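Participant: If you scroll down you'll find the structure; I have some questions about it.
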Amino acid sequence: MSEVKIQPMGNRVLIKPLEQESKTSTGLYLPDTAKEKPQTGVVVAVGDGEDIKLKVNDRVLFAKYTGTEFKLDGQEYLLMECNDVLAKLLD
């Protein structure tokens, strides 16, 4: 993963959402309009806040409609408060 040219401020984290599979378990392909919003992602940058318990490359779970969505260099990202992250996914 290349270095991101953005630094979150305070207790915010920058997350790259992980896309949902475009094919169901039975082999049917889903159009983009039928896919749900991603709820998992990878932390790509963290702010300089004191209470952040996440680090770069952590896989996380977050609520569907949280954070600010934006594109940077053709990639989609979410910028959200660290408290909006629901859980850290363990390997």
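Identifiers in this document derive from the order of the structure tokens: chains are assigned A, B, ..., residues are numbered from 1 separately in each chain, and ligands are numbered from 1 in order of occurrence.
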Identify, on the basis of only C-alpha atoms, every residue whose closest approach to range 49-63 of chain A does not exceed 6 Å; exclude the query and any residue fewer than 6 positions from it along the same chain; express the result as a PyMOL selection string.

Facilitator: chain A and resi 10-11+39-43+85-89

Participant: For Lys5 in chain A, find every residue with an atom within 10 Å (counting only C-alpha atoms), except residues of its own chain fewer than 6 positions away, and show them as a PDB file with N, CA and C atoms, in the first residue's frame.

Facilitator:
```
ATOM      1  N   ALA A  45      -4.000   5.823   8.028  1.00  0.00           N
ATOM      2  CA  ALA A  45      -3.338   6.934   8.723  1.00  0.00           C
ATOM      3  C   ALA A  45      -4.108   7.227  10.001  1.00  0.00           C
ATOM      4  N   LEU A  72      -9.134  10.414  -3.128  1.00  0.00           N
ATOM      5  CA  LEU A  72      -7.821  11.033  -3.203  1.00  0.00           C
ATOM      6  C   LEU A  72      -6.960  10.157  -4.093  1.00  0.00           C
ATOM      7  N   ASP A  73      -6.439  10.725  -5.151  1.00  0.00           N
ATOM      8  CA  ASP A  73      -5.608   9.990  -6.108  1.00  0.00           C
ATOM      9  C   ASP A  73      -6.320   8.742  -6.643  1.00  0.00           C
TER      10      ASP A  73
END
```
